[in-house]
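J.: Take a look at the following structure, please.
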Amino acid sequence: MIAYGGQILEHYRHPRNAGSLPDPDISYEDINPLCGDRIRIMLKLAAGETVDAARFRADGCIISQAASSLLTEMVTGRRLDEIETLAPEALLQALQWELRPARIKCALLPYEILQTGIKEYRREHR
Amino acid sequence: MNLDAERLRIDFPLLQRTVHGKPLIYLDNAATTQKPVQVLDAIRDYYLSSNANVHRSIHTLGEEATARYEAARDRVARFIDAPREGIVFTRGTTEAINLVAQSWGRCFLREGDEILLTEMEHHSNLIPWQLLAKERGVRLVFLPVHQGSLDLDRLTECVTRKTRLIAVTALSNALGTLVPLHRFREAARSVGALLLVDAAQAVSHMPVHLAEIDCDFLAFSGHKMLGPTGIGVLVARPDLLERMPPFLGGGEMIREVWLESATWNAIPWKFEAGTPPVAGAIGLAAAIDYLDRIGLKAIQAHGMALAQAAASGLSEIPGVTLYGPRKGEPRGPIVSFTCDGIHPHDLAASLDEEGIAIRAGHHCAQPLMRRLGIAGTARASFALYNRPTEVKTFVKGVARAVDLIRSYRHA
């Protein structure tokens with residue numbers, strides 16, 4: 001049977017930042033077309049540049065839920081430009097668990113959604 | 001009549017391998033089947049002894065390759081019980097349906113015409129029609145799914161004088177539902193519409209004979225019926241093929257070419273532009289030989305028995321919901337289910353650790369999943385080489401995985 005270690009079960013059992021923000025500056029949702037997982041990530045910014053609060057809503061597997069939780073924790077308090085240069089490997093490393101290739105996509109779904117959300121925000125506020 | 005799965009497994013060397021140290025239990029046959037050595041040998045033998053381009057070379061190898069390629073067409077024709085000039089080789093079911101949409105659809109459909117589909121179609125029998133509908137102003141009408149089955153009571157009202165085509169699957173890849181094709185044939189005939197059948201799942205599971213189904217187009221893929229990837233078939237009424245314009249242009253499909261214009265080859269070659277998948281066709285013919293030797297009736301009984309056993313076993317696990325045919329009903333070799341509070345991906349990943357390969361997700365039927373109110377299901381699909389013991393191991397595996405994954409949340 002499958003075993004999950006590292007931060008995966010910890011974040012799956014005790015998700016940080018699950019829920020919604022009333023008036024987010026960035027709110028972006030997407031699906032993984034392969035499995036139908038759906039995640040929304042919301043950010044409230046301070047001074048238009050620093051993440052004051054992050055929330056996620058995930059209809060997804062253990063890994064995508066845990067990764068969403070961990071990612072929102074990682075980006076809280078960080079500046080948008082720092083987040084934009086955050087490598088996907090940083091999230092995978094922070095999970096502290098080696099994933100099979102098929103499931104790396106699950107872990108990176110919230111990452112892709114976060115980055116696209118920030119890109120959209122940049123486009124609108126140019 | 002009975003099928004000895006244990007004995008014919010010798011023909012499928014891949015099934016002997018292990019996954020994560022456990023014997024492989026391959027239950028993703030609706031996605032693609034494994035290949036018997038007879039198919040691999042046929043492909044290998046072709047490349048080792050007769051490889052050449054077909055239809056254009058005057059030398060011996062060219063003649064041999066052409067003879068083998070065209071013999072494969074005859075084999076398909078005999079298998080489906082259709083005239084050989086109505087057998088067009090394609091890359092697969094998807095390309096076959098796109099061929100009909102792009103050639104027949106663009107030529108013969110006008111704004112306001114209607115195409116009837118169902119809510120349980122695979123994306124390959126949906127998107128080609130969406131593309132056509134956008135381009136030509138054709139309206140798509142959908143027979144609804146009610147509690148996992150087609151709502152056949154609504155069929156009459158979905159068919160109008162404007163209906164030009166009904167395109168429907170014979171066996172749902174997502175749920176295992178067997179579709180009563182005669183109802184769709186009657187509905188199509190009542191308004192003079194054509195009938196296209198997506199037989200991608202049905203063709204390796206049950207006897208599929210054109211004369212019996214009496215449809216105008218039928219599409220299937222080689223790789224879901226023990227054959228190689230990259231080969232599929234469109235079976236079409238020859239008089240329709242005669243009137244349809246070419247789909248792809250290039251070599252082989254022409255008769256005479258000038259700089260500004262060309263005339264077309266006879267059917268079916270008019271629809272086979274470029275060098276065709278010769279080895280694929282030969283492999284497909286070998287796969288058909290294999291299926292016929294075992295017997296489609298025996299395969300059907302075997303697949304249905306495995307699926308019913310799986311459905312029955314799964315239904316005893318608390319929190320499991322089954323979709324599609326009800327218990328004991330005739331069904332295809334497919335069982336689709338969800339477990340309360342457990343994502344299908346997590347279940348599939350857990351079973352993979354036990355060497356059990358199942359599919360998890362939307363099964364290329366997102367509208368159907370939306371209609372069922374779920375993101376996806378876990379799906380086990382069976383083939384002639386699966387054994388009752390594998391079904392038992394699978395059901396036990398699901399029960400254990402469910403317990404384990406639930407424990408994650410509450411530990």
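To be explicit about the labels: the chains of the structure tokens are called A, B, and onward in the order shown, and within each one the residues are counted from 1, while ligands get numbers from 1 in the order they are shown.
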Taking only C-alpha atoms into account, which residues of chain B are within 8 Å of chain A, as a list in words?
T.: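 That gives Ile342, His343, Pro344, His345, Asp346, Ala349, Ser350, Leu351, Glu353, Glu354, Ala360, Gly361, His362, Ala375, Gly376, Arg400, Ala401, Leu404, Tyr408, Arg409 and His410 of chain B for chain B.
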J.: Would you please extract all alpha helix (DSSP H) residues from region 308-378 of chain B, as assigned by DSSP on the backbone, and give them as a ChimeraX atom specification?
T.: /B:308-315,344-352,366-372
J.: Could you write out the selected residues, including C-alpha atoms, as a compact mmCIF listing (two decimals), in the first residue's frame?
T.:
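And here's out09.txt as it stands now:
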# COMPACT_ATOMS: atom_id res chain seq x y z
CA GLN B 308 -20.05 -8.17 -12.67
CA ALA B 309 -17.85 -9.89 -10.10
CA ALA B 310 -15.87 -6.69 -9.63
CA ALA B 311 -19.02 -4.56 -9.32
CA SER B 312 -20.48 -7.00 -6.83
CA GLY B 313 -17.30 -7.06 -4.72
CA LEU B 314 -16.87 -3.30 -4.79
CA SER B 315 -20.48 -2.69 -3.79
CA PRO B 344 -9.64 8.51 -7.49
CA HIS B 345 -5.98 9.45 -8.08
CA ASP B 346 -5.03 8.53 -4.55
CA LEU B 347 -6.83 5.22 -4.94
CA ALA B 348 -5.13 4.48 -8.27
CA ALA B 349 -1.72 5.43 -6.85
CA SER B 350 -2.30 3.17 -3.88
CA LEU B 351 -3.30 0.23 -6.08
CA ASP B 352 -0.27 0.85 -8.29
CA GLN B 366 -15.75 15.53 -18.93
CA PRO B 367 -19.39 16.42 -19.75
CA LEU B 368 -20.50 13.04 -18.46
CA MET B 369 -18.56 13.50 -15.20
CA ARG B 370 -20.14 16.94 -14.80
CA ARG B 371 -23.57 15.38 -15.35
CA LEU B 372 -22.80 12.79 -12.65
J.: Identify, on the basis of only C-alpha atoms, every residue whose closest approach to Trp269 (chain B) does not exceed 9 Å; exclude the query and any residue fewer than 5 positions from it along the same chain; express the result as a list in words.
T.: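 In the requested format, the answer is Glu85, Val88, Phe89, Glu252, Met253, Ile254 and Trp264 of chain B.
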J.: Quick one: residues within 8 Å of Val197 (chain B), only C-alpha atoms, excluding same-chain residues fewer than 3 positions away - as a list of chain:residue names?
T.: B:Ala167, B:Val168, B:Thr169, B:Ala170, B:Cys215, B:Phe217, B:Leu218, B:Ala219
J.: Please save C-alpha atoms of the selected residues as a PDB file, in the first residue's frame.
T.:
ATOM      1  CA  ALA B 167     -23.254   9.673 -33.576  1.00  0.00           C
ATOM      2  CA  VAL B 168     -23.184   7.361 -30.582  1.00  0.00           C
ATOM      3  CA  THR B 169     -20.871   4.993 -28.761  1.00  0.00           C
ATOM      4  CA  ALA B 170     -21.690   1.281 -28.721  1.00  0.00           C
ATOM      5  CA  CYS B 215     -25.021   1.852 -39.455  1.00  0.00           C
ATOM      6  CA  PHE B 217     -20.180   4.777 -40.349  1.00  0.00           C
ATOM      7  CA  LEU B 218     -18.330   2.740 -37.738  1.00  0.00           C
ATOM      8  CA  ALA B 219     -14.999   3.635 -36.156  1.00  0.00           C
TER       9      ALA B 219
END
J.: Write out as a PyMOL selection string the residues lying within 9 Å of Ile294 (chain B), counting only C-alpha atoms and excluding same-chain residues fewer than 4 positions away.
T.: chain B and resi 1+3+289-290+298-299+384
J.: Got time to write the residues from that selection, C-alpha atoms, as a PDB file, in the first residue's frame?
T.:
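Saved the output as part_34.pdb:
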ATOM      1  CA  MET B   1     -17.236 -21.588 -25.517  1.00  0.00           C
ATOM      2  CA  LEU B   3     -12.344 -18.996 -22.281  1.00  0.00           C
ATOM      3  CA  ASP B 289      -7.034 -13.483 -36.123  1.00  0.00           C
ATOM      4  CA  TYR B 290      -6.297 -13.829 -32.421  1.00  0.00           C
ATOM      5  CA  ALA B 298     -16.633 -16.171 -25.345  1.00  0.00           C
ATOM      6  CA  ILE B 299     -14.670 -12.949 -24.782  1.00  0.00           C
ATOM      7  CA  LEU B 384      -9.674 -11.682 -22.242  1.00  0.00           C
TER       8      LEU B 384
END
J.: I'd like the neighbourhood of region 63-73 of chain B as a compact mmCIF listing (two decimals) with C-alpha atoms, in the first residue's frame, where a residue qualifies if any of its atoms comes within 9 Å (using only C-alpha atoms), though same-chain residues fewer than 2 positions away should be ignored.
T.:
# COMPACT_ATOMS: atom_id res chain seq x y z
CA TYR B 46 6.79 -7.82 -42.12
CA SER B 50 8.72 -7.65 -46.90
CA ASN B 51 9.12 -4.01 -45.89
CA ALA B 52 8.58 -1.62 -48.80
CA ASN B 53 6.26 1.17 -49.72
CA VAL B 54 2.85 0.04 -50.91
CA HIS B 55 1.00 0.63 -54.15
CA ARG B 56 3.85 2.29 -56.02
CA SER B 57 6.79 -0.04 -56.29
CA ILE B 58 7.02 -2.49 -59.14
CA HIS B 59 9.67 -4.58 -57.41
CA THR B 60 8.97 -7.77 -55.52
CA LEU B 61 9.14 -6.30 -52.03
CA ARG B 75 -9.28 -9.41 -42.91
CA VAL B 76 -10.92 -6.35 -41.35
CA ALA B 77 -13.75 -6.53 -43.90
CA ARG B 78 -14.41 -10.17 -43.01
CA ARG B 84 -13.61 -4.10 -48.51
CA GLU B 85 -14.00 -0.82 -50.40
CA ILE B 87 -12.67 -0.12 -45.08
CA VAL B 88 -10.50 2.99 -44.67
CA PHE B 89 -7.37 2.68 -42.56
CA PRO B 277 0.60 2.44 -41.54
CA VAL B 278 1.40 -0.81 -43.33
CA ALA B 279 2.89 -2.61 -40.33
CA ALA B 281 -2.56 -2.85 -40.61
CA ILE B 282 -0.70 -6.16 -40.65
CA GLY B 283 -0.54 -6.14 -36.85
CA LEU B 284 -4.24 -5.35 -36.68
CA ALA B 285 -5.05 -8.29 -38.96
CA ALA B 286 -3.04 -10.57 -36.66
J.: With only C-alpha atoms as the basis for distance, which of B:Asp81, B:Asp198, B:Glu186, B:Glu6 is at the shortest distance from Ile97 (chain B)?
T.: B:Asp198
J.: Give me the residues near Pro325 (chain B) as a PDB file with N, CA and C atoms, in the first residue's frame, where near means some atom within 12 Å (using only C-alpha atoms) and where sequence neighbours in that chain fewer than 4 positions away do not count.
T.:
ATOM      1  N   HIS B 146     -29.295   9.833 -17.539  1.00  0.00           N
ATOM      2  CA  HIS B 146     -30.061   9.902 -16.307  1.00  0.00           C
ATOM      3  C   HIS B 146     -29.608   8.755 -15.411  1.00  0.00           C
ATOM      4  N   GLN B 147     -29.096   9.075 -14.218  1.00  0.00           N
ATOM      5  CA  GLN B 147     -28.594   8.081 -13.266  1.00  0.00           C
ATOM      6  C   GLN B 147     -27.629   7.091 -13.928  1.00  0.00           C
ATOM      7  N   GLY B 148     -26.756   7.619 -14.741  1.00  0.00           N
ATOM      8  CA  GLY B 148     -25.709   6.773 -15.309  1.00  0.00           C
ATOM      9  C   GLY B 148     -26.127   5.990 -16.535  1.00  0.00           C
ATOM     10  N   SER B 149     -27.397   6.139 -16.979  1.00  0.00           N
ATOM     11  CA  SER B 149     -27.808   5.452 -18.209  1.00  0.00           C
ATOM     12  C   SER B 149     -28.352   6.483 -19.182  1.00  0.00           C
ATOM     13  N   LEU B 150     -28.377   6.113 -20.455  1.00  0.00           N
ATOM     14  CA  LEU B 150     -28.973   6.999 -21.448  1.00  0.00           C
ATOM     15  C   LEU B 150     -30.474   7.051 -21.212  1.00  0.00           C
ATOM     16  N   LEU B 171     -20.457   1.277 -26.626  1.00  0.00           N
ATOM     17  CA  LEU B 171     -20.144   0.827 -25.265  1.00  0.00           C
ATOM     18  C   LEU B 171     -19.377   1.956 -24.593  1.00  0.00           C
ATOM     19  N   SER B 172     -19.937   2.495 -23.522  1.00  0.00           N
ATOM     20  CA  SER B 172     -19.317   3.660 -22.883  1.00  0.00           C
ATOM     21  C   SER B 172     -17.977   3.303 -22.250  1.00  0.00           C
ATOM     22  N   ALA B 174     -16.416   5.148 -20.246  1.00  0.00           N
ATOM     23  CA  ALA B 174     -16.343   5.701 -18.890  1.00  0.00           C
ATOM     24  C   ALA B 174     -17.159   4.884 -17.898  1.00  0.00           C
ATOM     25  N   LEU B 175     -18.249   4.260 -18.350  1.00  0.00           N
ATOM     26  CA  LEU B 175     -19.162   3.596 -17.425  1.00  0.00           C
ATOM     27  C   LEU B 175     -19.375   2.111 -17.706  1.00  0.00           C
ATOM     28  N   GLY B 176     -19.061   1.669 -18.918  1.00  0.00           N
ATOM     29  CA  GLY B 176     -19.314   0.273 -19.264  1.00  0.00           C
ATOM     30  C   GLY B 176     -20.733   0.011 -19.741  1.00  0.00           C
ATOM     31  N   THR B 177     -21.498   1.067 -19.961  1.00  0.00           N
ATOM     32  CA  THR B 177     -22.880   0.920 -20.416  1.00  0.00           C
ATOM     33  C   THR B 177     -22.928   0.403 -21.853  1.00  0.00           C
ATOM     34  N   LEU B 178     -23.746  -0.614 -22.085  1.00  0.00           N
ATOM     35  CA  LEU B 178     -23.988  -1.098 -23.450  1.00  0.00           C
ATOM     36  C   LEU B 178     -25.134  -0.290 -24.031  1.00  0.00           C
ATOM     37  N   VAL B 179     -24.933   0.247 -25.206  1.00  0.00           N
ATOM     38  CA  VAL B 179     -25.942   1.119 -25.809  1.00  0.00           C
ATOM     39  C   VAL B 179     -26.789   0.297 -26.792  1.00  0.00           C
ATOM     40  N   MET B 304     -17.843  -9.736 -19.243  1.00  0.00           N
ATOM     41  CA  MET B 304     -19.013  -9.337 -18.465  1.00  0.00           C
ATOM     42  C   MET B 304     -19.000 -10.003 -17.092  1.00  0.00           C
ATOM     43  N   ALA B 307     -16.517  -8.173 -14.919  1.00  0.00           N
ATOM     44  CA  ALA B 307     -17.021  -6.855 -14.520  1.00  0.00           C
ATOM     45  C   ALA B 307     -18.123  -6.993 -13.472  1.00  0.00           C
ATOM     46  N   GLN B 308     -18.978  -7.984 -13.653  1.00  0.00           N
ATOM     47  CA  GLN B 308     -20.051  -8.168 -12.667  1.00  0.00           C
ATOM     48  C   GLN B 308     -19.491  -8.597 -11.326  1.00  0.00           C
ATOM     49  N   ALA B 311     -17.986  -5.483  -9.787  1.00  0.00           N
ATOM     50  CA  ALA B 311     -19.022  -4.564  -9.315  1.00  0.00           C
ATOM     51  C   ALA B 311     -19.636  -5.097  -8.028  1.00  0.00           C
ATOM     52  N   SER B 312     -19.881  -6.385  -8.007  1.00  0.00           N
ATOM     53  CA  SER B 312     -20.481  -7.001  -6.834  1.00  0.00           C
ATOM     54  C   SER B 312     -19.553  -6.879  -5.617  1.00  0.00           C
ATOM     55  N   THR B 321     -19.470   4.038  -4.455  1.00  0.00           N
ATOM     56  CA  THR B 321     -20.593   4.267  -5.363  1.00  0.00           C
ATOM     57  C   THR B 321     -20.207   3.774  -6.746  1.00  0.00           C
ATOM     58  N   GLU B 329     -27.135  -6.353 -14.418  1.00  0.00           N
ATOM     59  CA  GLU B 329     -27.487  -5.970 -15.783  1.00  0.00           C
ATOM     60  C   GLU B 329     -26.363  -6.346 -16.747  1.00  0.00           C
ATOM     61  N   PRO B 330     -26.712  -6.628 -18.018  1.00  0.00           N
ATOM     62  CA  PRO B 330     -25.656  -6.816 -19.015  1.00  0.00           C
ATOM     63  C   PRO B 330     -24.790  -5.573 -19.071  1.00  0.00           C
ATOM     64  N   ARG B 331     -23.490  -5.755 -19.221  1.00  0.00           N
ATOM     65  CA  ARG B 331     -22.592  -4.609 -19.206  1.00  0.00           C
ATOM     66  C   ARG B 331     -21.339  -4.922 -19.999  1.00  0.00           C
ATOM     67  N   GLY B 332     -20.605  -3.883 -20.318  1.00  0.00           N
ATOM     68  CA  GLY B 332     -19.298  -4.060 -20.919  1.00  0.00           C
ATOM     69  C   GLY B 332     -18.295  -4.414 -19.835  1.00  0.00           C
ATOM     70  N   PRO B 333     -17.032  -4.684 -20.226  1.00  0.00           N
ATOM     71  CA  PRO B 333     -16.026  -5.155 -19.267  1.00  0.00           C
ATOM     72  C   PRO B 333     -15.387  -4.017 -18.482  1.00  0.00           C
ATOM     73  N   ILE B 334     -16.222  -3.085 -18.031  1.00  0.00           N
ATOM     74  CA  ILE B 334     -15.724  -1.852 -17.415  1.00  0.00           C
ATOM     75  C   ILE B 334     -16.517  -1.574 -16.139  1.00  0.00           C
ATOM     76  N   VAL B 335     -15.811  -1.231 -15.068  1.00  0.00           N
ATOM     77  CA  VAL B 335     -16.481  -0.869 -13.819  1.00  0.00           C
ATOM     78  C   VAL B 335     -15.941   0.483 -13.362  1.00  0.00           C
ATOM     79  N   SER B 336     -16.848   1.418 -13.168  1.00  0.00           N
ATOM     80  CA  SER B 336     -16.472   2.780 -12.815  1.00  0.00           C
ATOM     81  C   SER B 336     -17.041   3.088 -11.439  1.00  0.00           C
ATOM     82  N   PHE B 337     -16.217   3.651 -10.549  1.00  0.00           N
ATOM     83  CA  PHE B 337     -16.709   3.849  -9.183  1.00  0.00           C
ATOM     84  C   PHE B 337     -15.955   4.972  -8.482  1.00  0.00           C
TER      85      PHE B 337
END
